[in-house]
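K.L.:
Enclosed is the structure file coords25.pdb (PDB, C-alpha atoms).
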```
ATOM      1  CA  MET A   1     162.402 -30.814  16.475
ATOM      2  CA  ILE A   2     159.809 -32.744  18.498
ATOM      3  CA  LEU A   3     156.316 -31.401  17.809
ATOM      4  CA  SER A   4     154.408 -33.669  20.196
ATOM      5  CA  GLY A   5     155.119 -36.840  22.117
ATOM      6  CA  ASP A   6     154.268 -39.082  25.044
ATOM      7  CA  ILE A   7     156.858 -40.292  27.528
ATOM      8  CA  ILE A   8     156.734 -43.333  29.794
ATOM      9  CA  THR A   9     159.546 -44.111  32.220
ATOM     10  CA  GLY A  10     160.384 -47.470  33.779
ATOM     11  CA  CYS A  11     163.284 -49.027  35.638
ATOM     12  CA  ASN A  12     166.449 -48.228  33.633
ATOM     13  CA  TRP A  13     164.440 -47.617  30.521
ATOM     14  CA  ALA A  14     162.146 -44.978  29.036
ATOM     15  CA  GLN A  15     160.134 -44.516  25.904
ATOM     16  CA  ASP A  16     159.199 -41.410  23.946
ATOM     17  CA  ALA A  17     156.832 -41.622  20.981
ATOM     18  CA  GLY A  18     155.282 -38.912  18.860
ATOM     19  CA  ILE A  19     155.829 -36.630  15.899
ATOM     20  CA  TYR A  20     158.961 -34.717  14.944
ATOM     21  CA  GLU A  21     160.103 -32.551  12.062
ATOM     22  CA  PHE A  22     163.482 -32.355  10.408
ATOM     23  CA  THR A  23     164.799 -29.298   8.629
ATOM     24  CA  MET A  24     167.524 -30.134   6.138
ATOM     25  CA  GLY A  25     170.261 -27.533   6.321
ATOM     26  CA  LYS A  26     171.344 -28.359   2.808
ATOM     27  CA  ASP A  27     168.195 -27.186   1.023
ATOM     28  CA  GLY A  28     165.910 -25.957   3.837
ATOM     29  CA  SER A  29     163.343 -28.676   3.124
ATOM     30  CA  LYS A  30     161.203 -30.009   5.977
ATOM     31  CA  VAL A  31     160.138 -33.578   6.658
ATOM     32  CA  LYS A  32     157.541 -34.486   9.279
ATOM     33  CA  ALA A  33     157.690 -38.038  10.675
ATOM     34  CA  ARG A  34     156.435 -40.240  13.498
ATOM     35  CA  TYR A  35     159.117 -41.329  15.938
ATOM     36  CA  THR A  36     159.623 -43.853  18.701
ATOM     37  CA  TYR A  37     162.648 -43.861  20.939
ATOM     38  CA  VAL A  38     163.335 -46.449  23.600
ATOM     39  CA  TYR A  39     166.203 -45.484  25.883
ATOM     40  CA  VAL A  40     168.106 -47.847  28.182
ATOM     41  CA  TYR A  41     170.603 -47.154  30.942
ATOM     42  CA  GLU A  42     173.680 -49.026  29.782
ATOM     43  CA  ASP A  43     177.235 -48.612  31.127
ATOM     44  CA  LYS A  44     176.079 -45.547  33.095
ATOM     45  CA  GLU A  45     174.736 -43.800  30.035
ATOM     46  CA  TRP A  46     171.318 -43.406  28.524
ATOM     47  CA  LEU A  47     171.420 -44.880  25.047
ATOM     48  CA  ILE A  48     168.833 -45.590  22.391
ATOM     49  CA  SER A  49     167.778 -49.224  22.536
TER      50      SER A  49
ATOM     51  CA  MET B   1     158.293 -55.642  67.394
ATOM     52  CA  PRO B   2     160.005 -55.482  63.986
ATOM     53  CA  GLU B   3     162.805 -53.031  63.419
ATOM     54  CA  PRO B   4     161.585 -49.957  61.569
ATOM     55  CA  LEU B   5     162.954 -49.588  58.058
ATOM     56  CA  LEU B   6     165.354 -46.687  57.895
ATOM     57  CA  PHE B   7     165.535 -46.644  54.143
ATOM     58  CA  GLU B   8     162.737 -47.735  51.965
ATOM     59  CA  THR B   9     163.982 -49.762  49.057
ATOM     60  CA  THR B  10     162.334 -48.949  45.776
ATOM     61  CA  LYS B  11     164.040 -51.554  43.646
ATOM     62  CA  PRO B  12     161.314 -53.395  41.732
ATOM     63  CA  THR B  13     161.112 -57.135  41.325
ATOM     64  CA  CYS B  14     161.985 -57.984  37.755
ATOM     65  CA  ASN B  15     159.579 -60.406  36.158
ATOM     66  CA  ASP B  16     161.525 -62.667  33.842
ATOM     67  CA  ILE B  17     160.386 -63.250  30.300
ATOM     68  CA  THR B  18     162.026 -65.257  27.526
ATOM     69  CA  SER B  19     162.400 -64.171  23.894
ATOM     70  CA  THR B  20     159.911 -66.859  22.904
ATOM     71  CA  ALA B  21     157.407 -65.492  25.409
ATOM     72  CA  VAL B  22     157.945 -61.957  24.088
ATOM     73  CA  ARG B  23     157.188 -63.164  20.569
ATOM     74  CA  ASP B  24     154.121 -64.984  21.912
ATOM     75  CA  LEU B  25     152.779 -61.597  23.025
ATOM     76  CA  PHE B  26     152.513 -60.724  19.341
ATOM     77  CA  THR B  27     150.504 -63.910  18.808
ATOM     78  CA  ARG B  28     148.174 -62.827  21.605
ATOM     79  CA  TRP B  29     147.715 -59.452  19.909
ATOM     80  CA  ASN B  30     147.155 -61.136  16.551
ATOM     81  CA  ASN B  31     144.614 -63.496  18.115
ATOM     82  CA  ALA B  32     142.864 -60.434  19.528
ATOM     83  CA  LEU B  33     142.660 -59.067  15.946
ATOM     84  CA  ALA B  34     141.002 -62.331  14.894
ATOM     85  CA  THR B  35     138.125 -61.696  17.339
ATOM     86  CA  LEU B  36     137.333 -58.555  15.264
ATOM     87  CA  ASP B  37     136.406 -56.876  18.556
ATOM     88  CA  PRO B  38     138.132 -53.459  18.995
ATOM     89  CA  ASN B  39     137.828 -53.651  22.800
ATOM     90  CA  THR B  40     139.548 -57.042  22.923
ATOM     91  CA  VAL B  41     142.433 -55.642  20.862
ATOM     92  CA  ALA B  42     142.576 -52.456  22.974
ATOM     93  CA  SER B  43     142.771 -54.602  26.130
ATOM     94  CA  ARG B  44     146.204 -55.809  24.973
ATOM     95  CA  TYR B  45     147.539 -52.257  25.510
ATOM     96  CA  SER B  46     148.722 -50.831  28.839
ATOM     97  CA  LYS B  47     147.054 -47.920  30.623
ATOM     98  CA  GLU B  48     149.451 -45.294  29.248
ATOM     99  CA  ALA B  49     150.075 -46.948  25.891
ATOM    100  CA  VAL B  50     150.907 -45.057  22.719
ATOM    101  CA  LEU B  51     149.979 -46.478  19.337
ATOM    102  CA  LEU B  52     151.422 -44.962  16.157
ATOM    103  CA  PRO B  53     149.318 -47.000  13.752
ATOM    104  CA  THR B  54     149.892 -48.089  10.161
ATOM    105  CA  VAL B  55     147.107 -46.164   8.472
ATOM    106  CA  SER B  56     146.350 -43.126  10.649
ATOM    107  CA  ASP B  57     148.322 -39.919  11.298
ATOM    108  CA  ILE B  58     147.120 -39.302  14.864
ATOM    109  CA  PRO B  59     149.231 -40.694  17.728
ATOM    110  CA  ARG B  60     146.801 -42.836  19.734
ATOM    111  CA  ASN B  61     147.699 -42.060  23.350
ATOM    112  CA  SER B  62     144.493 -43.042  25.138
ATOM    113  CA  LYS B  63     142.434 -46.211  25.371
ATOM    114  CA  ALA B  64     139.577 -44.439  23.538
ATOM    115  CA  LEU B  65     141.819 -43.406  20.614
ATOM    116  CA  ILE B  66     143.338 -46.895  20.419
ATOM    117  CA  THR B  67     139.925 -48.572  20.406
ATOM    118  CA  ASN B  68     138.712 -46.080  17.819
ATOM    119  CA  TYR B  69     141.590 -46.977  15.471
ATOM    120  CA  PHE B  70     140.763 -50.672  15.619
ATOM    121  CA  VAL B  71     137.086 -50.058  14.857
ATOM    122  CA  GLU B  72     138.195 -49.091  11.327
ATOM    123  CA  PHE B  73     141.240 -51.351  10.982
ATOM    124  CA  LEU B  74     139.367 -54.534  11.959
ATOM    125  CA  LYS B  75     136.892 -53.995   9.111
ATOM    126  CA  LYS B  76     139.699 -55.255   6.851
ATOM    127  CA  LYS B  77     139.908 -58.510   8.879
ATOM    128  CA  PRO B  78     143.697 -58.275   9.234
ATOM    129  CA  GLN B  79     145.995 -61.079  10.339
ATOM    130  CA  GLY B  80     149.679 -60.475  10.837
ATOM    131  CA  VAL B  81     152.851 -62.561  10.586
ATOM    132  CA  ILE B  82     156.262 -61.453  11.855
ATOM    133  CA  LEU B  83     158.815 -61.901   9.062
ATOM    134  CA  SER B  84     161.869 -60.869  11.073
ATOM    135  CA  GLY B  85     162.522 -59.042  14.308
ATOM    136  CA  ASP B  86     164.916 -58.352  17.158
ATOM    137  CA  ILE B  87     163.985 -58.776  20.800
ATOM    138  CA  PHE B  88     165.503 -56.972  23.766
ATOM    139  CA  ILE B  89     164.513 -57.762  27.360
ATOM    140  CA  GLY B  90     164.828 -55.438  30.360
ATOM    141  CA  CYS B  91     163.390 -55.301  33.884
ATOM    142  CA  ASN B  92     159.621 -55.522  33.531
ATOM    143  CA  TRP B  93     159.769 -54.397  29.940
ATOM    144  CA  ALA B  94     160.774 -55.822  26.566
ATOM    145  CA  GLN B  95     160.940 -54.622  23.013
ATOM    146  CA  ASP B  96     160.405 -56.396  19.722
ATOM    147  CA  ALA B  97     161.180 -54.534  16.499
ATOM    148  CA  GLY B  98     161.222 -55.732  12.907
ATOM    149  CA  ILE B  99     159.077 -56.386   9.880
ATOM    150  CA  TYR B 100     155.638 -57.916   9.732
ATOM    151  CA  GLU B 101     153.076 -58.527   7.055
ATOM    152  CA  PHE B 102     149.322 -58.277   7.232
ATOM    153  CA  THR B 103     146.927 -60.200   5.052
ATOM    154  CA  MET B 104     143.511 -58.574   4.909
ATOM    155  CA  GLY B 105     140.809 -61.239   5.067
ATOM    156  CA  LYS B 106     138.344 -58.883   3.425
ATOM    157  CA  ASP B 107     140.078 -58.643   0.036
ATOM    158  CA  GLY B 108     143.205 -60.818   0.350
ATOM    159  CA  SER B 109     145.539 -57.819   0.019
ATOM    160  CA  LYS B 110     148.904 -57.869   1.770
ATOM    161  CA  VAL B 111     150.716 -55.008   3.498
ATOM    162  CA  LYS B 112     154.303 -55.227   4.669
ATOM    163  CA  ALA B 113     155.259 -52.860   7.485
ATOM    164  CA  ARG B 114     157.935 -52.128  10.062
ATOM    165  CA  TYR B 115     156.871 -52.596  13.662
ATOM    166  CA  THR B 116     158.049 -51.798  17.158
ATOM    167  CA  TYR B 117     156.349 -53.167  20.238
ATOM    168  CA  VAL B 118     157.361 -52.224  23.755
ATOM    169  CA  TYR B 119     155.798 -54.470  26.374
ATOM    170  CA  VAL B 120     155.516 -53.687  30.071
ATOM    171  CA  TYR B 121     154.582 -55.821  33.034
ATOM    172  CA  GLU B 122     151.499 -54.109  34.457
ATOM    173  CA  ASP B 123     149.136 -55.461  37.111
ATOM    174  CA  GLY B 124     150.484 -58.995  36.727
ATOM    175  CA  GLU B 125     150.217 -59.076  32.942
ATOM    176  CA  TRP B 126     152.380 -58.204  29.959
ATOM    177  CA  LYS B 127     150.791 -55.391  27.975
ATOM    178  CA  ILE B 128     151.783 -53.283  24.978
ATOM    179  CA  SER B 129     153.147 -49.950  26.156
ATOM    180  CA  GLN B 130     154.100 -48.708  22.763
ATOM    181  CA  HIS B 131     153.320 -49.924  19.262
ATOM    182  CA  HIS B 132     154.665 -48.240  16.160
ATOM    183  CA  SER B 133     153.710 -49.519  12.739
ATOM    184  CA  SER B 134     154.601 -47.961   9.410
ATOM    185  CA  VAL B 135     154.479 -49.066   5.813
ATOM    186  CA  MET B 136     157.889 -49.782   4.266
ATOM    187  CA  PRO B 137     159.418 -46.425   3.260
ATOM    188  CA  GLU B 138     160.853 -47.662  -0.013
ATOM    189  CA  ALA B 139     157.777 -49.574  -1.156
TER     190      ALA B 139
END
```
Re-express the file's structure as structure tokens.
P.N.:
Amino acid sequence: MILSGDIITGCNWAQDAGIYEFTMGKDGSKVKARYTYVYVYEDKEWLIS
Amino acid sequence: MPEPLLFETTKPTCNDITSTAVRDLFTRWNNALATLDPNTVASRYSKEAVLLPTVSDIPRNSKALITNYFVEFLKKKPQGVILSGDIFIGCNWAQDAGIYEFTMGKDGSKVKARYTYVYVYEDGEWKISQHHSSVMPEA
């Protein structure tokens, strides 16, 4: 789950950076982490670059 | 009289950049560190840049927060070297992600970290739009 983040969009690309938290279904534990995604429009689909 | 434009085209002009030039942008950032001036380092970042720095929990999403981070970080007199990385180039943006190592001039200590830079072409200059730096998870 994304807790906070900042998005910037460009031409056929976008970035999203912030903080997210994972909950592990196996044992219910939680892990907070910093994330960065860069997405590109490739073959008519948005994919993580 | 010129014909009026029926449809305005919004396709941007892509400014070409080579992989070597992308890597040189890191050198420019590193040279900015060498000035030990937080404002000089902050000037390498774009207007809407986000910095997820090595040794601070807060996402730095404003020029003030970015500058503020470097006030502390530059006290260590850091200099970085890219050990390995992968470059991807798009239209008016590029990314460089890999592993770098800092040597702190203050005490000679070394820190290896994973980095991601996203560069954008803004107002005629390549600037850092996003910079993520984190200490190796298995260290």
K.L.:
Write out as a list in words the residues lying within 7 Å of region 128-131 of chain B, counting all atoms listed in the file and excluding same-chain residues fewer than 2 positions away.
P.N.:
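Selected residues are Arg44, Tyr45, Ser46, Glu48, Ala49, Val50, Leu51, Leu52, Thr116, Tyr117, Val118, Tyr119, Val120 and Ser133 of chain B.
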K.L.:
Take the ChimeraX specification (/B :<12) & /A, run it mentally on this structure, and tell me the resulting residues as JSON, numbers by chain.
P.N.:
{"A": [3, 4, 5, 6, 7, 8, 9, 10, 11, 12, 13, 14, 15, 16, 17, 18, 19, 20, 32, 33, 34, 35, 36, 37, 38, 39, 40, 41, 42, 48, 49]}
K.L.:
Please write the residues picked by the PyMOL selection byres ((chain B and resi 105) around 8) on this file as a compact mmCIF listing (two decimals) with C-alpha atoms, in the coordinates of the input.
P.N.:
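Output below, filename result_4.txt:
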```txt
# COMPACT_ATOMS: atom_id res chain seq x y z
CA LYS B 76 139.70 -55.26 6.85
CA LYS B 77 139.91 -58.51 8.88
CA PRO B 78 143.70 -58.28 9.23
CA GLN B 79 146.00 -61.08 10.34
CA THR B 103 146.93 -60.20 5.05
CA MET B 104 143.51 -58.57 4.91
CA LYS B 106 138.34 -58.88 3.42
CA ASP B 107 140.08 -58.64 0.04
CA GLY B 108 143.21 -60.82 0.35
CA SER B 109 145.54 -57.82 0.02
```
K.L.:
Run the PyMOL selection byres ((chain A and resi 31) around 6) on the file and write out the hits as an NGL selection string.
P.N.:
:A and (21-22 or 30 or 32)
K.L.:
Edge lengths and centre in Å to one decimal, as AutoDock Vina command-line options, of the axis-aligned box that encloses all listed atoms of region 17-36 of chain B with 5 Å added on every side?
P.N.:
```
--center_x 149.9 --center_y -62.7 --center_z 22.6 --size_x 35.1 --size_y 18.3 --size_z 25.4
```
K.L.:
Show which residues sit within 10 Å of Glu72 (chain B), as a ChimeraX atom specification. Count all atoms listed in the file, and ignore same-chain residues fewer than 5 positions away.
P.N.:
/B:38,55,67,77
K.L.:
One decimal, in Å: what's the spacing between CA of Leu25 (chain B) and CA of Tyr115 (chain B)?
P.N.:
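Separation between CA of Leu25 (chain B) and CA of Tyr115 (chain B): 13.6 Å.
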K.L.:
Which residue is closest to Arg28 (chain B)? Choose from B:Trp126, B:Asp96, B:Ala64, B:Lys112 and count only C-alpha atoms.
P.N.:
B:Trp126
K.L.:
Hey, can you check how far CA of Ser43 (chain B) sits from CA of Phe102 (chain B)?
P.N.:
20.3 Å
K.L.:
Quick one: distance from CA of Lys26 (chain A) to CA of Leu47 (chain A) in Å, one decimal?
P.N.:
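A separation of 27.7 Å between them.
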